[in-house]
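Okay, query.pdb is below, PDB, C-alpha atoms:
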ATOM      1  CA  MET M  26     -15.410  -1.269 -19.542
ATOM      2  CA  LYS M  27     -18.356  -2.692 -17.622
ATOM      3  CA  VAL M  28     -19.083  -1.216 -14.198
ATOM      4  CA  ILE M  29     -20.250  -3.625 -11.494
ATOM      5  CA  ASN M  30     -22.902  -2.078  -9.262
ATOM      6  CA  LEU M  31     -23.088  -3.234  -5.652
ATOM      7  CA  SER M  32     -25.443  -2.152  -2.908
ATOM      8  CA  SER M  33     -24.196   0.286  -0.297
ATOM      9  CA  ASN M  34     -24.580  -2.355   2.414
ATOM     10  CA  SER M  35     -22.555  -4.904   0.453
ATOM     11  CA  ILE M  36     -19.694  -2.435   0.105
ATOM     12  CA  LEU M  37     -19.916  -1.615   3.814
ATOM     13  CA  ILE M  38     -19.744  -5.269   4.835
ATOM     14  CA  TYR M  39     -16.809  -5.859   2.502
ATOM     15  CA  ARG M  40     -14.890  -2.958   3.997
ATOM     16  CA  ILE M  41     -15.689  -3.940   7.583
ATOM     17  CA  LEU M  42     -14.396  -7.455   6.886
ATOM     18  CA  PHE M  43     -11.035  -6.386   5.524
ATOM     19  CA  ALA M  44     -10.530  -3.380   7.786
ATOM     20  CA  GLY M  45     -11.212  -5.705  10.709
ATOM     21  CA  LEU M  46      -8.717  -8.265   9.414
ATOM     22  CA  SER M  47      -6.080  -5.599   8.964
ATOM     23  CA  TRP M  48      -6.553  -4.070  12.423
ATOM     24  CA  PHE M  49      -6.547  -7.559  13.951
ATOM     25  CA  THR M  50      -3.246  -8.303  12.219
ATOM     26  CA  PHE M  51      -1.650  -5.095  13.474
ATOM     27  CA  ILE M  52      -2.833  -5.654  17.049
ATOM     28  CA  ALA M  53      -1.937  -9.352  17.045
ATOM     29  CA  SER M  54       1.497  -8.445  15.717
ATOM     30  CA  VAL M  55       2.046  -6.044  18.630
ATOM     31  CA  VAL M  56       0.924  -8.650  21.166
ATOM     32  CA  ASN M  57       3.043 -11.359  19.565
ATOM     33  CA  TYR M  58       6.075  -9.060  19.597
ATOM     34  CA  ALA M  59       5.546  -8.216  23.260
ATOM     35  CA  LEU M  60       5.276 -11.874  24.229
ATOM     36  CA  ASP M  61       8.168 -13.028  22.080
ATOM     37  CA  LYS M  62      10.691 -10.192  22.063
ATOM     38  CA  GLY M  63       9.926  -7.511  24.623
ATOM     39  CA  PRO M  64       9.017  -3.794  24.774
ATOM     40  CA  ILE M  65       5.993  -2.945  22.654
ATOM     41  CA  LEU M  66       7.399   0.419  21.605
ATOM     42  CA  GLU M  67      10.191  -1.351  19.728
ATOM     43  CA  TRP M  68       7.563  -2.931  17.469
ATOM     44  CA  PHE M  69       6.823   0.460  15.936
ATOM     45  CA  ILE M  70      10.263   0.421  14.345
ATOM     46  CA  ASN M  71       8.592  -1.867  11.806
ATOM     47  CA  PHE M  72       6.939   1.198  10.309
ATOM     48  CA  LYS M  73      10.161   1.987   8.541
ATOM     49  CA  TYR M  74       9.016  -0.673   6.064
ATOM     50  CA  PHE M  75       7.001   0.429   3.040
ATOM     51  CA  THR M  76       4.694  -2.551   3.587
ATOM     52  CA  MET M  77       3.681  -1.393   7.059
ATOM     53  CA  GLN M  78       3.183   2.195   5.978
ATOM     54  CA  THR M  79       1.032   1.393   2.959
ATOM     55  CA  ASN M  80      -1.076  -1.136   4.840
ATOM     56  CA  LEU M  81      -1.720   1.453   7.536
ATOM     57  CA  ILE M  82      -2.726   3.972   4.849
ATOM     58  CA  VAL M  83      -5.324   1.684   3.280
ATOM     59  CA  THR M  84      -6.561   0.469   6.670
ATOM     60  CA  LEU M  85      -7.155   4.046   7.789
ATOM     61  CA  TRP M  86      -8.904   4.748   4.484
ATOM     62  CA  LEU M  87     -11.206   1.754   4.941
ATOM     63  CA  THR M  88     -11.903   2.739   8.533
ATOM     64  CA  LEU M  89     -12.862   6.283   7.556
ATOM     65  CA  ALA M  90     -15.008   4.966   4.720
ATOM     66  CA  ILE M  91     -16.851   2.782   7.250
ATOM     67  CA  LEU M  92     -17.294   5.572   9.801
ATOM     68  CA  TRP M  93     -18.536   8.011   7.157
ATOM     69  CA  HIS M  94     -20.635   5.447   5.306
ATOM     70  CA  LYS M  95     -23.855   7.412   5.847
ATOM     71  CA  LYS M  96     -22.218  10.800   5.257
ATOM     72  CA  PRO M  97     -21.583  10.958   1.494
ATOM     73  CA  GLU M  98     -20.513  14.601   1.632
ATOM     74  CA  THR M  99     -17.795  13.730   4.166
ATOM     75  CA  LEU M 100     -16.793  10.515   2.459
ATOM     76  CA  GLU M 101     -16.181  12.413  -0.773
ATOM     77  CA  LYS M 102     -13.189  14.040   0.907
ATOM     78  CA  ILE M 103     -11.318  10.728   0.946
ATOM     79  CA  LEU M 104     -12.528   9.468  -2.406
ATOM     80  CA  GLY M 105     -11.010  10.120  -5.787
ATOM     81  CA  PRO M 106      -7.351  11.148  -5.797
ATOM     82  CA  LEU M 107      -6.739   9.812  -2.258
ATOM     83  CA  LYS M 108      -8.379   6.487  -3.039
ATOM     84  CA  GLY M 109      -6.379   6.238  -6.238
ATOM     85  CA  ALA M 110      -3.150   7.126  -4.434
ATOM     86  CA  SER M 111      -3.794   4.545  -1.709
ATOM     87  CA  THR M 112      -4.509   1.876  -4.313
ATOM     88  CA  PHE M 113      -1.344   2.816  -6.180
ATOM     89  CA  TYR M 114       0.774   2.496  -3.026
ATOM     90  CA  ILE M 115      -0.652  -0.824  -1.866
ATOM     91  CA  THR M 116      -0.226  -2.224  -5.379
ATOM     92  CA  ILE M 117       3.465  -1.327  -5.208
ATOM     93  CA  THR M 118       3.618  -3.309  -1.962
ATOM     94  CA  PHE M 119       1.866  -6.287  -3.541
ATOM     95  CA  ILE M 120       3.880  -6.402  -6.752
ATOM     96  CA  GLY M 121       7.160  -5.424  -5.088
ATOM     97  CA  PHE M 122       6.933  -8.259  -2.589
ATOM     98  CA  ALA M 123       5.782 -10.829  -5.136
ATOM     99  CA  VAL M 124       8.569  -9.963  -7.581
ATOM    100  CA  LEU M 125      11.493  -8.978  -5.364
ATOM    101  CA  LEU M 126      11.023 -10.458  -1.903
ATOM    102  CA  SER M 127       8.800 -13.523  -1.948
ATOM    103  CA  LEU M 128      11.632 -15.903  -2.839
ATOM    104  CA  VAL M 129      14.002 -14.636  -0.152
ATOM    105  CA  TYR M 130      11.485 -13.994   2.622
ATOM    106  CA  GLN M 131       9.515 -17.092   3.589
ATOM    107  CA  PRO M 132       8.497 -16.745   7.246
ATOM    108  CA  THR M 133       6.888 -19.368   9.467
ATOM    109  CA  GLY M 134       4.490 -19.266  12.382
ATOM    110  CA  PHE M 135       2.661 -16.015  13.084
ATOM    111  CA  ALA M 136       5.024 -14.156  10.772
ATOM    112  CA  ALA M 137       3.672 -16.260   7.894
ATOM    113  CA  PHE M 138       0.111 -15.182   8.719
ATOM    114  CA  ASN M 139       1.223 -11.561   9.022
ATOM    115  CA  ASN M 140       3.022 -11.824   5.689
ATOM    116  CA  LEU M 141      -0.025 -13.332   3.955
ATOM    117  CA  VAL M 142      -2.365 -10.617   5.195
ATOM    118  CA  LEU M 143      -0.140  -7.586   4.609
ATOM    119  CA  HIS M 144       1.453  -8.605   1.320
ATOM    120  CA  TYR M 145      -1.422 -10.419  -0.376
ATOM    121  CA  ILE M 146      -4.894 -10.374   1.215
ATOM    122  CA  ILE M 147      -5.236  -6.673   2.091
ATOM    123  CA  PRO M 148      -3.553  -5.401  -1.104
ATOM    124  CA  ILE M 149      -5.736  -7.584  -3.328
ATOM    125  CA  ALA M 150      -8.873  -6.720  -1.339
ATOM    126  CA  PHE M 151      -8.182  -2.997  -1.642
ATOM    127  CA  ILE M 152      -7.487  -3.246  -5.358
ATOM    128  CA  ILE M 153     -10.822  -5.051  -5.771
ATOM    129  CA  ASP M 154     -12.504  -2.316  -3.728
ATOM    130  CA  TRP M 155     -11.061   0.252  -6.138
ATOM    131  CA  ILE M 156     -12.271  -1.729  -9.142
ATOM    132  CA  LEU M 157     -15.785  -2.035  -7.716
ATOM    133  CA  THR M 158     -16.291   1.454  -6.324
ATOM    134  CA  GLU M 159     -14.043   4.006  -8.007
ATOM    135  CA  THR M 160     -16.324   4.715 -10.936
ATOM    136  CA  LYS M 161     -17.592   8.270 -10.451
ATOM    137  CA  LEU M 162     -14.678  10.654 -10.286
ATOM    138  CA  ARG M 163     -12.646  11.068 -13.474
ATOM    139  CA  TYR M 164      -8.916  11.180 -12.734
ATOM    140  CA  LYS M 165      -6.607  13.778 -14.226
ATOM    141  CA  TRP M 166      -3.192  12.839 -15.542
ATOM    142  CA  ASN M 167      -1.500  15.270 -13.180
ATOM    143  CA  TYR M 168      -2.672  13.103 -10.257
ATOM    144  CA  LEU M 169       0.311  10.920 -11.059
ATOM    145  CA  LEU M 170       2.637  13.741 -10.042
ATOM    146  CA  TYR M 171       1.041  14.028  -6.606
ATOM    147  CA  TRP M 172       0.811  10.275  -6.132
ATOM    148  CA  SER M 173       4.547   9.949  -6.811
ATOM    149  CA  ILE M 174       5.626  12.242  -3.975
ATOM    150  CA  TYR M 175       5.309   9.646  -1.214
ATOM    151  CA  PRO M 176       7.160   6.767  -2.975
ATOM    152  CA  LEU M 177       9.945   9.150  -3.987
ATOM    153  CA  CYS M 178      10.198  10.461  -0.418
ATOM    154  CA  TYR M 179      10.419   6.858   0.764
ATOM    155  CA  LEU M 180      13.369   6.230  -1.556
ATOM    156  CA  VAL M 181      15.085   9.298  -0.102
ATOM    157  CA  PHE M 182      14.275   8.116   3.426
ATOM    158  CA  SER M 183      15.724   4.677   2.687
ATOM    159  CA  PHE M 184      18.922   6.234   1.371
ATOM    160  CA  ILE M 185      19.323   8.542   4.377
ATOM    161  CA  HIS M 186      18.471   5.739   6.798
ATOM    162  CA  GLY M 187      21.048   3.482   5.173
ATOM    163  CA  THR M 188      23.696   6.198   5.065
ATOM    164  CA  PHE M 189      23.518   6.787   8.817
ATOM    165  CA  THR M 190      22.735   3.263  10.051
ATOM    166  CA  GLY M 191      24.115   0.959   7.344
ATOM    167  CA  ASN M 192      20.623  -0.544   6.989
ATOM    168  CA  TYR M 193      18.945   0.384   3.699
ATOM    169  CA  ILE M 194      15.770  -1.454   4.807
ATOM    170  CA  TYR M 195      15.467  -3.505   1.609
ATOM    171  CA  PHE M 196      18.333  -5.387  -0.024
ATOM    172  CA  PHE M 197      17.426  -4.037  -3.460
ATOM    173  CA  LEU M 198      17.991  -0.495  -2.166
ATOM    174  CA  ASP M 199      21.342  -1.292  -0.552
ATOM    175  CA  ILE M 200      23.932   0.842  -2.301
ATOM    176  CA  ASN M 201      26.735  -1.138  -0.627
ATOM    177  CA  VAL M 202      25.527  -4.297  -2.353
ATOM    178  CA  LEU M 203      24.531  -2.771  -5.698
ATOM    179  CA  GLY M 204      27.279  -0.210  -6.044
ATOM    180  CA  ILE M 205      26.569   3.358  -7.127
ATOM    181  CA  LEU M 206      25.833   2.543 -10.769
ATOM    182  CA  GLY M 207      23.750  -0.486  -9.839
ATOM    183  CA  TYR M 208      21.819   1.544  -7.297
ATOM    184  CA  VAL M 209      21.083   4.354  -9.745
ATOM    185  CA  LEU M 210      20.025   1.831 -12.391
ATOM    186  CA  PHE M 211      17.733  -0.107 -10.069
ATOM    187  CA  VAL M 212      16.135   2.991  -8.563
ATOM    188  CA  SER M 213      15.564   4.307 -12.089
ATOM    189  CA  ILE M 214      13.834   1.048 -12.995
ATOM    190  CA  LEU M 215      11.646   1.308  -9.878
ATOM    191  CA  ILE M 216      10.677   4.884 -10.739
ATOM    192  CA  ILE M 217       9.839   4.002 -14.344
ATOM    193  CA  ALA M 218       7.821   0.985 -13.199
ATOM    194  CA  GLY M 219       5.976   3.162 -10.691
ATOM    195  CA  ILE M 220       5.119   5.734 -13.331
ATOM    196  CA  ALA M 221       3.840   2.966 -15.587
ATOM    197  CA  LEU M 222       1.719   1.476 -12.801
ATOM    198  CA  GLY M 223       0.185   4.809 -11.847
ATOM    199  CA  SER M 224      -0.507   5.548 -15.511
ATOM    200  CA  VAL M 225      -2.362   2.250 -15.834
ATOM    201  CA  TYR M 226      -4.668   3.136 -12.944
ATOM    202  CA  ILE M 227      -5.385   6.579 -14.328
ATOM    203  CA  ALA M 228      -5.955   5.204 -17.843
ATOM    204  CA  ILE M 229      -8.382   2.564 -16.533
ATOM    205  CA  ASN M 230     -10.256   5.150 -14.505
ATOM    206  CA  ARG M 231     -10.506   7.548 -17.450
ATOM    207  CA  LYS M 232     -11.798   4.785 -19.707
ATOM    208  CA  ARG M 233     -14.414   3.707 -17.151
ATOM    209  CA  THR M 234     -15.604   7.254 -16.527
ATOM    210  CA  LYS M 235     -15.523   8.408 -20.122
ATOM    211  CA  SER M 236     -18.614  10.467 -20.779
TER
END

Is it possible to express this structure as structure tokens?
Amino acid sequence: MKVINLSSNSILIYRILFAGLSWFTFIASVVNYALDKGPILEWFINFKYFTMQTNLIVTLWLTLAILWHKKPETLEKILGPLKGASTFYITITFIGFAVLLSLVYQPTGFAAFNNLVLHYIIPIAFIIDWILTETKLRYKWNYLLYWSIYPLCYLVFSFIHGTFTGNYIYFFLDINVLGILGYVLFVSILIIAGIALGSVYIAINRKRTKS
């Protein structure tokens, strides 16, 4: 598989652009919430959503990559497995929304802008970043085990949250709607799909870094 080589400055500019867009979206969302609904602290409840969590993860990664741009030895600490994990998570957000939520969630106004950035622009931009830059470290298959911990913990969190509040966060994780068998079946499908997705990333990486 052909590796595309970009200059260090080009990569830096790319990351500044999308990290800036992501931080702007977060901040604008807080301001919009304060003006429209009230107390800013209530906005942080939105971080119960997988979308918000994964976008924050990749935004922090981009920010650190920018800050440590001229410190390769420091930057190496967030490359490799962590970059792969972050890409895996944001891809789940992208595909999950496109397949399961896009038809039922069609916001307007600022929410539409927020939706576009967090569900499409940032995920795609980060995936492209992975394609362009993750070409040195060779992944191991056991990375998939570590990458899976967070999504599995989120499923547990969603179940506990729904059990105590009645709100399972996403309709496709609502055991009251799906029933026990339906819930088990759907969660099993999500887990299998996640394993397949992570395996694809590792397989691509191993092919690109094959010595």

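With distances restricted to only C-alpha atoms, M:Ile194 is the closest residue to Phe72 of chain M from M:Leu85, M:Leu125, M:Ile194, M:Ala53.
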
- Nearest-residue call for Ala228 of chain M, choices M:Asn80, M:Ser127, M:Asn167, M:Ser173, using all atoms listed in the file: M:Asn167

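Straight-line separation from atom CA of Phe135 of chain M to atom CA of Thr116 of chain M: 23.2 Å.
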
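Residue nearest Trp172 of chain M, chosen from M:Val83, M:Phe75, M:Ala110, M:Ile65 and counting only C-alpha atoms: M:Ala110.
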
List every protein, DNA or RNA residue that has at least one atom no more than 12 Å from (-14.0, 1.8, -7.1) in the file's coordinates, counting all atoms listed in the file, and write the result as an mmCIF file with C-alpha atoms, in the frame of the given file.
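Full text of selection-v4.cif as output:
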data_model
loop_
_atom_site.group_PDB
_atom_site.id
_atom_site.type_symbol
_atom_site.label_atom_id
_atom_site.label_comp_id
_atom_site.auth_asym_id
_atom_site.auth_seq_id
_atom_site.Cartn_x
_atom_site.Cartn_y
_atom_site.Cartn_z
ATOM 1 C CA VAL M 28 -19.083 -1.216 -14.198
ATOM 2 C CA ILE M 29 -20.250 -3.625 -11.494
ATOM 3 C CA ASN M 30 -22.902 -2.078 -9.262
ATOM 4 C CA LEU M 31 -23.088 -3.234 -5.652
ATOM 5 C CA ILE M 36 -19.694 -2.435 0.105
ATOM 6 C CA LEU M 104 -12.528 9.468 -2.406
ATOM 7 C CA GLY M 105 -11.010 10.120 -5.787
ATOM 8 C CA PRO M 106 -7.351 11.148 -5.797
ATOM 9 C CA LEU M 107 -6.739 9.812 -2.258
ATOM 10 C CA LYS M 108 -8.379 6.487 -3.039
ATOM 11 C CA GLY M 109 -6.379 6.238 -6.238
ATOM 12 C CA SER M 111 -3.794 4.545 -1.709
ATOM 13 C CA THR M 112 -4.509 1.876 -4.313
ATOM 14 C CA ALA M 150 -8.873 -6.720 -1.339
ATOM 15 C CA PHE M 151 -8.182 -2.997 -1.642
ATOM 16 C CA ILE M 152 -7.487 -3.246 -5.358
ATOM 17 C CA ILE M 153 -10.822 -5.051 -5.771
ATOM 18 C CA ASP M 154 -12.504 -2.316 -3.728
ATOM 19 C CA TRP M 155 -11.061 0.252 -6.138
ATOM 20 C CA ILE M 156 -12.271 -1.729 -9.142
ATOM 21 C CA LEU M 157 -15.785 -2.035 -7.716
ATOM 22 C CA THR M 158 -16.291 1.454 -6.324
ATOM 23 C CA GLU M 159 -14.043 4.006 -8.007
ATOM 24 C CA THR M 160 -16.324 4.715 -10.936
ATOM 25 C CA LYS M 161 -17.592 8.270 -10.451
ATOM 26 C CA LEU M 162 -14.678 10.654 -10.286
ATOM 27 C CA ARG M 163 -12.646 11.068 -13.474
ATOM 28 C CA TYR M 226 -4.668 3.136 -12.944
ATOM 29 C CA ILE M 229 -8.382 2.564 -16.533
ATOM 30 C CA ASN M 230 -10.256 5.150 -14.505
ATOM 31 C CA ARG M 233 -14.414 3.707 -17.151
ATOM 32 C CA THR M 234 -15.604 7.254 -16.527
#

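Note that atom CA of Ala137 of chain M and atom CA of Leu215 of chain M are 26.2 Å apart.
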
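For the set M:Ile52, M:Ile41, M:Leu46, M:Leu126, the residue with the smallest atom-to-atom gap to Thr76 of chain M is M:Leu126, counting all atoms listed in the file.
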
- atom CA of His94 of chain M and atom CA of Leu42 of chain M are how many Å apart? 14.4 Å

- Do you know which residues lie at most 8 Å from (2.8, -7.1, 6.9), with coordinates as in the file and only C-alpha atoms counted, and could you write them as a VMD selection string? chain M and resid 76 to 77 80 139 to 144

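Shortest atom-to-atom contact with Val124 of chain M among M:Ser47, M:Pro148, M:Tyr171, M:Phe197: M:Phe197, counting only C-alpha atoms.
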
When the PyMOL selection byres ((chain M and resi 90) around 9) is applied to the structure above, which residues does it catch, written out as a PDB file with C-alpha atoms, in the coordinates of the input?
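Result file out-v6.pdb:
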ATOM      1  CA  LEU M  37     -19.916  -1.615   3.814  1.00  0.00           C
ATOM      2  CA  ARG M  40     -14.890  -2.958   3.997  1.00  0.00           C
ATOM      3  CA  LEU M  85      -7.155   4.046   7.789  1.00  0.00           C
ATOM      4  CA  TRP M  86      -8.904   4.748   4.484  1.00  0.00           C
ATOM      5  CA  LEU M  87     -11.206   1.754   4.941  1.00  0.00           C
ATOM      6  CA  THR M  88     -11.903   2.739   8.533  1.00  0.00           C
ATOM      7  CA  LEU M  89     -12.862   6.283   7.556  1.00  0.00           C
ATOM      8  CA  ILE M  91     -16.851   2.782   7.250  1.00  0.00           C
ATOM      9  CA  LEU M  92     -17.294   5.572   9.801  1.00  0.00           C
ATOM     10  CA  TRP M  93     -18.536   8.011   7.157  1.00  0.00           C
ATOM     11  CA  HIS M  94     -20.635   5.447   5.306  1.00  0.00           C
ATOM     12  CA  LEU M 100     -16.793  10.515   2.459  1.00  0.00           C
ATOM     13  CA  ILE M 103     -11.318  10.728   0.946  1.00  0.00           C
ATOM     14  CA  LEU M 104     -12.528   9.468  -2.406  1.00  0.00           C
TER      15      LEU M 104
END

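Distance check against Tyr74 of chain M using all atoms listed in the file: of M:Tyr179, M:Tyr114, M:Trp48, M:Tyr130, the minimum falls on M:Tyr179.
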
- Message: Which residues would end up in the selection if the PyMOL selection byres ((chain M and resi 219) around 12) were applied here, given that I need the answer as an MDAnalysis selection string?
- Response: chainID M and resid 110 113:118 120:121 169:170 172:177 212:218 220:226

- Within 12 Å of Phe184 of chain M, counting only C-alpha atoms, which residues show up once you throw out same-chain ones fewer than 3 positions away? Write them as a VMD selection string, please. chain M and resid 177 to 181 187 to 201 205 208 to 209 212
